[in-house]
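What follows is one structure encoded as C-alpha cells, with my remarks underneath.
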Amino acid sequence: MTSRSIAPDRLQRTMVRENYYDATKYPVGNPYEDIGAVINSIIADIKSRQPVSDLNDGGKPGAVIYIPPGDYRLVTQVVIDVSFLKIMGSGHGFTSSSIRFNTPASELEHWHEVWPGGSRILVDLSPEATDGEAAGAAFYVKRTGSPRISSVEFADFCIDGLHFADDGSGQDDPENTYKNGKTGILVGSANDSFRITGMGLIYLEHGVTVHDADALAIDNNFIAECGNCIELKGMGQASRITNNFVGAGYRGHSIYAENYGGILVSSNNIFPRGASSVYFSGVVRSSVTGNRFHSFYPGMLVFADNCCENLVSSNHFLRDREPWAPMQKYDNGLDDLFGLLRIDGSNNSVIANHISETLDTQYIRPLGVKPVIINLVSGSGNYIANNHIVATTETSQINDAPNSACFSTQVGALLSTDNLKPLEVTSVLVQDGSVRNTVLDSGNDEQVVIDRSVNAFRGTPSFNAVVSNP
C-alpha cells in the first residue's frame, strides 16, 4: 500500500466539498490496494473536523464517502463509530459466483465477465474461526455511550467475499461450503435509523448482521450466495426488510431475527437454497406479507421459541426439488415431517397464503410419508385460515449434465406444470398439547390432523364426485 502526506489546506481542496469524500481522490492511502485503510483515514478526518456536539444547533453533520465503479481490495477492516455517515457507490455489481465456480473452465473462456462488478469491495480479510464474530467483518459499526449511533447508511456498492473455504467436511468443492468467516456489514452495538439500500452482497458467510436495531431499513438489495443473508440479533423493534432479492446457502438463513418486535418483512423474493426463507426466534407482533418464497427443502418459514402475535399473509410459498446437478447433493438436513411452515407460539395468524409443493414421491423423506405443510408444534390462539394448498407430484425432469445451464434448468423446472398429479399431504398438523387454535378452510377433513375437542376446525369442502362437461 502506498501512502502520501499532504498539507491540511490542500487536503481540504482535494474534496469536492467539505463533507463529501471521493475515496479515489483522497490523498492518504491507495484505495485499490486497501480501501479499508482509506475509509478509516476519512472517518478520522471527519471526527477531527467535527469535534463539537452542539454548535449553533448542530455541530456533527457527518459525511458522504463515495466509491466510484471499480475493484477495491479491503485488507483493513473499516470501523465506523460516527453517526450520519453514508458510504455509497454507483452500482451493486451482483452476478452469480456460484454459477461461475460450478462451470467448467473451458466454458468460462467464452463468458463476457466472470466476477461481480460495479463499485466492488473485494474482502481480503483472513479471519480465524477462534477470532470471534467481528474479526471477519469488512465494515464493523460499533459505538458505546449515549445516544446510540444513528443514521449510518450503505448504498449502491458490492461487497464480495471472493471465495468460500474448505471447512473440513470432506466436500470435494470448497466453493460450495458457504464458509469463510467473512461478514459484509456487522453492526455490533445498539443503533437507530440505519439504512442498507441498493447493495450487492455475495460469497460472504454472513451478509448483513445487525444487533439491537431500532428503525432499521434493509431495502432493495441483492443479497445472495451467502451462508446467511440478513440476521437481526440481540433485540430490536420497528424495522423493515422489503423489496430485496435474497438467497442463503443450504446451511443458513435467508432472513433471521431473534427477540424482535414490529418487524415488517414484505415484497421480498427469496431464492430457494437457504436452510430457511424466514426464521424467527422469539419474535412478536411482526408481519410477513406479500413475499414470494421458494425453497428446495422443508422449513421454509419457522417460528421458534414462542413467537407470538405475528401475521403471515398473502405470501406465495413454493417447495420443489433442486434441479441443477451440481447442487443436488446438498440439503438442510430436515425431512418432510418437519413442515414447510413450522409454528411454535401463540396467537399468530396464518391467513390467505398460497402454498405449492411439487415433489416426486421418490424424494420424500422418510419415504412414503405424507409431507406436512403447516406444522403447529405448540401454542394456543393461533388462527390458520383460507390458505390455498396445492400439492402435486410428477416424475422429475432433471438434466444431470454437469455443465447444464443453471438458468435454463431452474426456470424450466419452475415453469413445468404438465402431467401433475395430486400428492397426498397433511395440510395442517396441530400437535398434541396445542389448544384453542382455529383452523379454517386450509385443508379437508382428511388433510388436517387436529384434536377437535380442544381446537376449532372447519374443513375445506371436498369434491365427492367427478363432474363431466356436457
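Each chain in the C-alpha cells gets a letter, A, B, ..., in the order shown, and its residues are numbered from 1; ligands are numbered from 1 in order too.
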What are the nearest atom pairs, with distances in Å to one decimal, for all residues of segment 229-303 of chain A that come at most 12 Å from segment 177-200 of chain A, using only C-alpha atoms, set out by chain and rising residue number as a Markdown table?
```
| residue | atom | partner | partner_atom | distance |
| --- | --- | --- | --- | --- |
| A:Cys229 | CA | A:Gly184 | CA | 9.5 |
| A:Ile230 | CA | A:Ile185 | CA | 9.9 |
| A:Glu231 | CA | A:Leu186 | CA | 9.6 |
| A:Leu232 | CA | A:Val187 | CA | 9.6 |
| A:Lys233 | CA | A:Gly188 | CA | 9.4 |
| A:Gly234 | CA | A:Ala190 | CA | 9.1 |
| A:Met235 | CA | A:Ala190 | CA | 9.0 |
| A:Gly236 | CA | A:Ala190 | CA | 8.6 |
| A:Gln237 | CA | A:Asp192 | CA | 9.9 |
| A:Ala238 | CA | A:Ser193 | CA | 9.8 |
| A:Ser239 | CA | A:Ser193 | CA | 8.7 |
| A:Arg240 | CA | A:Arg195 | CA | 10.0 |
| A:Ile241 | CA | A:Ile196 | CA | 9.7 |
| A:Thr242 | CA | A:Thr197 | CA | 9.9 |
| A:Asn243 | CA | A:Thr197 | CA | 9.9 |
| A:Asn244 | CA | A:Gly198 | CA | 8.8 |
| A:Phe245 | CA | A:Gly200 | CA | 9.6 |
| A:Val246 | CA | A:Gly200 | CA | 10.1 |
| A:Gly247 | CA | A:Gly200 | CA | 11.9 |
| A:Ala248 | CA | A:Tyr178 | CA | 8.7 |
| A:Gly249 | CA | A:Tyr178 | CA | 6.3 |
| A:Tyr250 | CA | A:Tyr178 | CA | 8.3 |
| A:Arg251 | CA | A:Tyr178 | CA | 7.6 |
| A:Gly252 | CA | A:Tyr178 | CA | 8.6 |
| A:His253 | CA | A:Tyr178 | CA | 11.6 |
| A:Arg273 | CA | A:Tyr178 | CA | 11.3 |
| A:Gly274 | CA | A:Tyr178 | CA | 10.7 |
| A:Ala275 | CA | A:Tyr178 | CA | 11.9 |
```
Go ahead and dump the residues you just picked, N, CA and C atoms, as a CSV table (one decimal), in the first residue's frame.
```
chain,number,residue,atom,x,y,z
A,229,CYS,N,-27.9,-14.5,5.0
A,229,CYS,CA,-28.0,-13.2,4.3
A,229,CYS,C,-28.3,-12.1,5.2
A,230,ILE,N,-29.4,-12.1,5.9
A,230,ILE,CA,-29.8,-11.0,6.7
A,230,ILE,C,-30.1,-11.6,8.1
A,231,GLU,N,-29.4,-11.1,9.1
A,231,GLU,CA,-29.5,-11.6,10.5
A,231,GLU,C,-29.7,-10.4,11.5
A,232,LEU,N,-30.9,-10.4,12.2
A,232,LEU,CA,-31.1,-9.4,13.2
A,232,LEU,C,-31.0,-10.1,14.5
A,233,LYS,N,-30.0,-9.7,15.3
A,233,LYS,CA,-29.7,-10.4,16.6
A,233,LYS,C,-29.8,-9.5,17.8
A,234,GLY,N,-29.7,-10.1,19.0
A,234,GLY,CA,-29.8,-9.3,20.2
A,234,GLY,C,-31.3,-9.1,20.5
A,235,MET,N,-31.7,-7.8,20.3
A,235,MET,CA,-33.1,-7.5,20.4
A,235,MET,C,-33.4,-6.2,19.6
A,236,GLY,N,-34.6,-5.9,19.3
A,236,GLY,CA,-34.9,-4.7,18.5
A,236,GLY,C,-36.3,-4.5,18.2
A,237,GLN,N,-36.6,-3.5,17.4
A,237,GLN,CA,-38.0,-3.1,17.1
A,237,GLN,C,-38.1,-2.3,15.8
A,238,ALA,N,-39.4,-2.3,15.3
A,238,ALA,CA,-39.8,-1.3,14.3
A,238,ALA,C,-38.9,-1.3,13.1
A,239,SER,N,-38.5,-2.4,12.6
A,239,SER,CA,-37.6,-2.5,11.5
A,239,SER,C,-38.2,-3.1,10.3
A,240,ARG,N,-37.6,-2.9,9.1
A,240,ARG,CA,-38.3,-3.5,7.9
A,240,ARG,C,-37.2,-4.1,7.0
A,241,ILE,N,-37.7,-5.2,6.3
A,241,ILE,CA,-36.9,-5.9,5.3
A,241,ILE,C,-37.8,-6.0,4.1
A,242,THR,N,-37.6,-5.2,3.1
A,242,THR,CA,-38.5,-5.1,2.0
A,242,THR,C,-37.9,-5.0,0.6
A,243,ASN,N,-38.5,-5.6,-0.4
A,243,ASN,CA,-38.1,-5.4,-1.8
A,243,ASN,C,-36.7,-5.9,-2.1
A,244,ASN,N,-36.3,-6.9,-1.4
A,244,ASN,CA,-35.0,-7.5,-1.6
A,244,ASN,C,-35.0,-8.7,-2.4
A,245,PHE,N,-33.9,-9.0,-3.1
A,245,PHE,CA,-33.6,-10.4,-3.6
A,245,PHE,C,-32.7,-11.0,-2.7
A,246,VAL,N,-33.0,-12.2,-2.1
A,246,VAL,CA,-32.3,-12.8,-1.0
A,246,VAL,C,-32.2,-14.3,-1.3
A,247,GLY,N,-31.0,-14.9,-1.0
A,247,GLY,CA,-30.9,-16.3,-1.1
A,247,GLY,C,-29.6,-16.8,-0.4
A,248,ALA,N,-29.8,-17.5,0.7
A,248,ALA,CA,-28.7,-18.0,1.5
A,248,ALA,C,-28.4,-19.4,1.0
A,249,GLY,N,-27.3,-20.0,1.6
A,249,GLY,CA,-26.9,-21.3,1.3
A,249,GLY,C,-27.7,-22.3,2.1
A,250,TYR,N,-27.5,-23.6,1.8
A,250,TYR,CA,-28.3,-24.7,2.5
A,250,TYR,C,-28.0,-24.8,4.0
A,251,ARG,N,-27.0,-24.2,4.5
A,251,ARG,CA,-26.7,-24.3,5.9
A,251,ARG,C,-27.2,-23.1,6.7
A,252,GLY,N,-27.7,-22.0,6.0
A,252,GLY,CA,-28.0,-20.8,6.7
A,252,GLY,C,-29.4,-20.3,6.4
A,253,HIS,N,-29.7,-19.1,7.0
A,253,HIS,CA,-31.0,-18.5,6.9
A,253,HIS,C,-30.9,-17.3,5.9
A,273,ARG,N,-32.2,-21.9,-2.0
A,273,ARG,CA,-31.3,-22.8,-1.4
A,273,ARG,C,-31.0,-22.6,0.1
A,274,GLY,N,-31.6,-21.6,0.7
A,274,GLY,CA,-31.4,-21.3,2.1
A,274,GLY,C,-32.0,-22.5,3.0
A,275,ALA,N,-31.4,-22.7,4.1
A,275,ALA,CA,-32.0,-23.7,5.0
A,275,ALA,C,-33.4,-23.3,5.5
```
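Residue nearest His92 of chain A within the list A:Glu18, A:Gly207, A:Ile223, A:Ala213: A:Ile223 [criterion: smallest interatomic distance, only C-alpha atoms].
For Val38 of chain A, the non-local neighbours within 7 Å, defined as residues at least 5 positions apart in the same chain or in other chains and counting only C-alpha atoms, are Ala23, Val28, Gly29, Asn30 and Pro31 of chain A.
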Write the residues of the selection above to a file with N, CA and C atoms, as a PDB file, in the first residue's frame.
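Once written, again-v5.pdb looks like this:
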```pdb
ATOM      1  N   ALA A  23     -13.385   8.383  -2.493  1.00  0.00           N
ATOM      2  CA  ALA A  23     -12.334   7.502  -1.975  1.00  0.00           C
ATOM      3  C   ALA A  23     -11.153   7.384  -2.923  1.00  0.00           C
ATOM      4  N   VAL A  28      -4.635  10.169   1.063  1.00  0.00           N
ATOM      5  CA  VAL A  28      -3.951   9.287   2.012  1.00  0.00           C
ATOM      6  C   VAL A  28      -4.306   7.843   1.669  1.00  0.00           C
ATOM      7  N   GLY A  29      -3.307   7.023   1.424  1.00  0.00           N
ATOM      8  CA  GLY A  29      -3.535   5.621   1.127  1.00  0.00           C
ATOM      9  C   GLY A  29      -3.860   5.374  -0.334  1.00  0.00           C
ATOM     10  N   ASN A  30      -4.001   4.097  -0.680  1.00  0.00           N
ATOM     11  CA  ASN A  30      -4.313   3.676  -2.036  1.00  0.00           C
ATOM     12  C   ASN A  30      -5.585   2.830  -1.988  1.00  0.00           C
ATOM     13  N   PRO A  31      -6.713   3.328  -2.489  1.00  0.00           N
ATOM     14  CA  PRO A  31      -7.976   2.609  -2.350  1.00  0.00           C
ATOM     15  C   PRO A  31      -8.017   1.301  -3.130  1.00  0.00           C
TER      16      PRO A  31
END
```
Name the residues of segment 153-233 of chain A that come out as strand (DSSP E) in a backbone DSSP run; write them as a ChimeraX atom specification. /A:153-155,158-160,183-187,191-192,195-197,200-202,206-211,213-214,217-219,222-226,228-233
May I have the residues within 10 Å of segment 65-70 of chain A as JSON, numbers by chain, using only C-alpha atoms and disregarding those fewer than 2 positions away in the same chain? {"A": [19, 20, 21, 22, 23, 24, 25, 31, 32, 35, 39, 42, 43, 63, 72, 85, 86, 87, 88, 89, 90, 91, 92, 93, 117, 118, 119, 120, 121, 154, 155, 156, 157, 158]}
Could you make a table, as CSV, of the residues of segment 290-394 of chain A that have an atom within 12 Å of an atom of segment 170-173 of chain A, each with its nearest atom pair and distance in Å to one decimal, counting only C-alpha atoms, in chain and number order?
```
residue,atom,partner,partner_atom,distance
A:Pro326,CA,A:Asp173,CA,10.0
A:Met327,CA,A:Asp173,CA,10.8
A:Lys329,CA,A:Gln171,CA,10.3
A:Tyr330,CA,A:Gln171,CA,10.2
```
File dump, residues just selected, C-alpha atoms, as a short mmCIF file (atom, residue, chain, number, x, y, z; two decimals), in the first residue's frame:
```
data_model
loop_
_atom_site.label_atom_id
_atom_site.label_comp_id
_atom_site.auth_asym_id
_atom_site.auth_seq_id
_atom_site.Cartn_x
_atom_site.Cartn_y
_atom_site.Cartn_z
CA PRO A 326 -24.01 -29.54 -9.11
CA MET A 327 -26.17 -28.66 -6.07
CA LYS A 329 -26.20 -33.42 -3.16
CA TYR A 330 -26.75 -30.63 -0.62
#
```
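Relative to atom CA of Leu340 of chain A, atom CA of Glu357 of chain A is found at 9.0 Å.
By only C-alpha atoms, and with residues fewer than 5 positions from Leu334 of chain A along its chain excluded, the set lying at most 8 Å from it is Tyr297, Pro298 and Gly299 of chain A.
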Convert the current residue selection to file output with C-alpha atoms, as a tab-separated table (two decimals), in the first residue's frame.
```tsv
chain	number	residue	atom	x	y	z
A	297	TYR	CA	-36.19	-28.03	1.42
A	298	PRO	CA	-38.73	-28.19	4.27
A	299	GLY	CA	-38.58	-25.49	6.94
```
Segment 75-308 of chain A: residues DSSP assigns to alpha helix (DSSP H), reported as a ChimeraX atom specification: /A:97-101,105-108
Please produce an output containing N, CA and C atoms for each residue in the selection, written as an mmCIF file, in the first residue's frame.
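Heads up, here's the output in result.cif:
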```
data_model
loop_
_atom_site.group_PDB
_atom_site.id
_atom_site.type_symbol
_atom_site.label_atom_id
_atom_site.label_comp_id
_atom_site.auth_asym_id
_atom_site.auth_seq_id
_atom_site.Cartn_x
_atom_site.Cartn_y
_atom_site.Cartn_z
ATOM 1 N N SER A 97 -21.601 -15.890 -8.477
ATOM 2 C CA SER A 97 -20.322 -16.581 -8.337
ATOM 3 C C SER A 97 -20.515 -18.080 -8.217
ATOM 4 N N SER A 98 -21.664 -18.509 -7.704
ATOM 5 C CA SER A 98 -21.933 -19.938 -7.579
ATOM 6 C C SER A 98 -21.972 -20.597 -8.959
ATOM 7 N N ILE A 99 -22.639 -19.957 -9.905
ATOM 8 C CA ILE A 99 -22.647 -20.498 -11.270
ATOM 9 C C ILE A 99 -21.238 -20.495 -11.834
ATOM 10 N N ARG A 100 -20.501 -19.400 -11.588
ATOM 11 C CA ARG A 100 -19.142 -19.299 -12.102
ATOM 12 C C ARG A 100 -18.262 -20.432 -11.579
ATOM 13 N N PHE A 101 -18.356 -20.746 -10.272
ATOM 14 C CA PHE A 101 -17.494 -21.770 -9.690
ATOM 15 C C PHE A 101 -17.948 -23.188 -10.001
ATOM 16 N N ALA A 105 -13.993 -24.723 -16.733
ATOM 17 C CA ALA A 105 -13.092 -23.651 -17.180
ATOM 18 C C ALA A 105 -13.169 -23.438 -18.689
ATOM 19 N N SER A 106 -13.417 -24.508 -19.434
ATOM 20 C CA SER A 106 -13.496 -24.380 -20.892
ATOM 21 C C SER A 106 -14.656 -23.500 -21.314
ATOM 22 N N GLU A 107 -15.736 -23.473 -20.516
ATOM 23 C CA GLU A 107 -16.876 -22.607 -20.839
ATOM 24 C C GLU A 107 -16.622 -21.177 -20.372
ATOM 25 N N LEU A 108 -15.919 -21.040 -19.254
ATOM 26 C CA LEU A 108 -15.662 -19.703 -18.730
ATOM 27 C C LEU A 108 -14.859 -18.849 -19.707
#
```
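Between atom CA of Gly136 of chain A and atom CA of Ser48 of chain A lies a distance of 27.4 Å.
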Nearest to Asn306 of chain A by atom-to-atom distance, counting only C-alpha atoms, from A:Ser150, A:Thr103, A:Gln447, A:Asn348: A:Asn348
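Relative to atom CA of Leu440 of chain A, atom CA of Arg458 of chain A is found at 4.7 Å.
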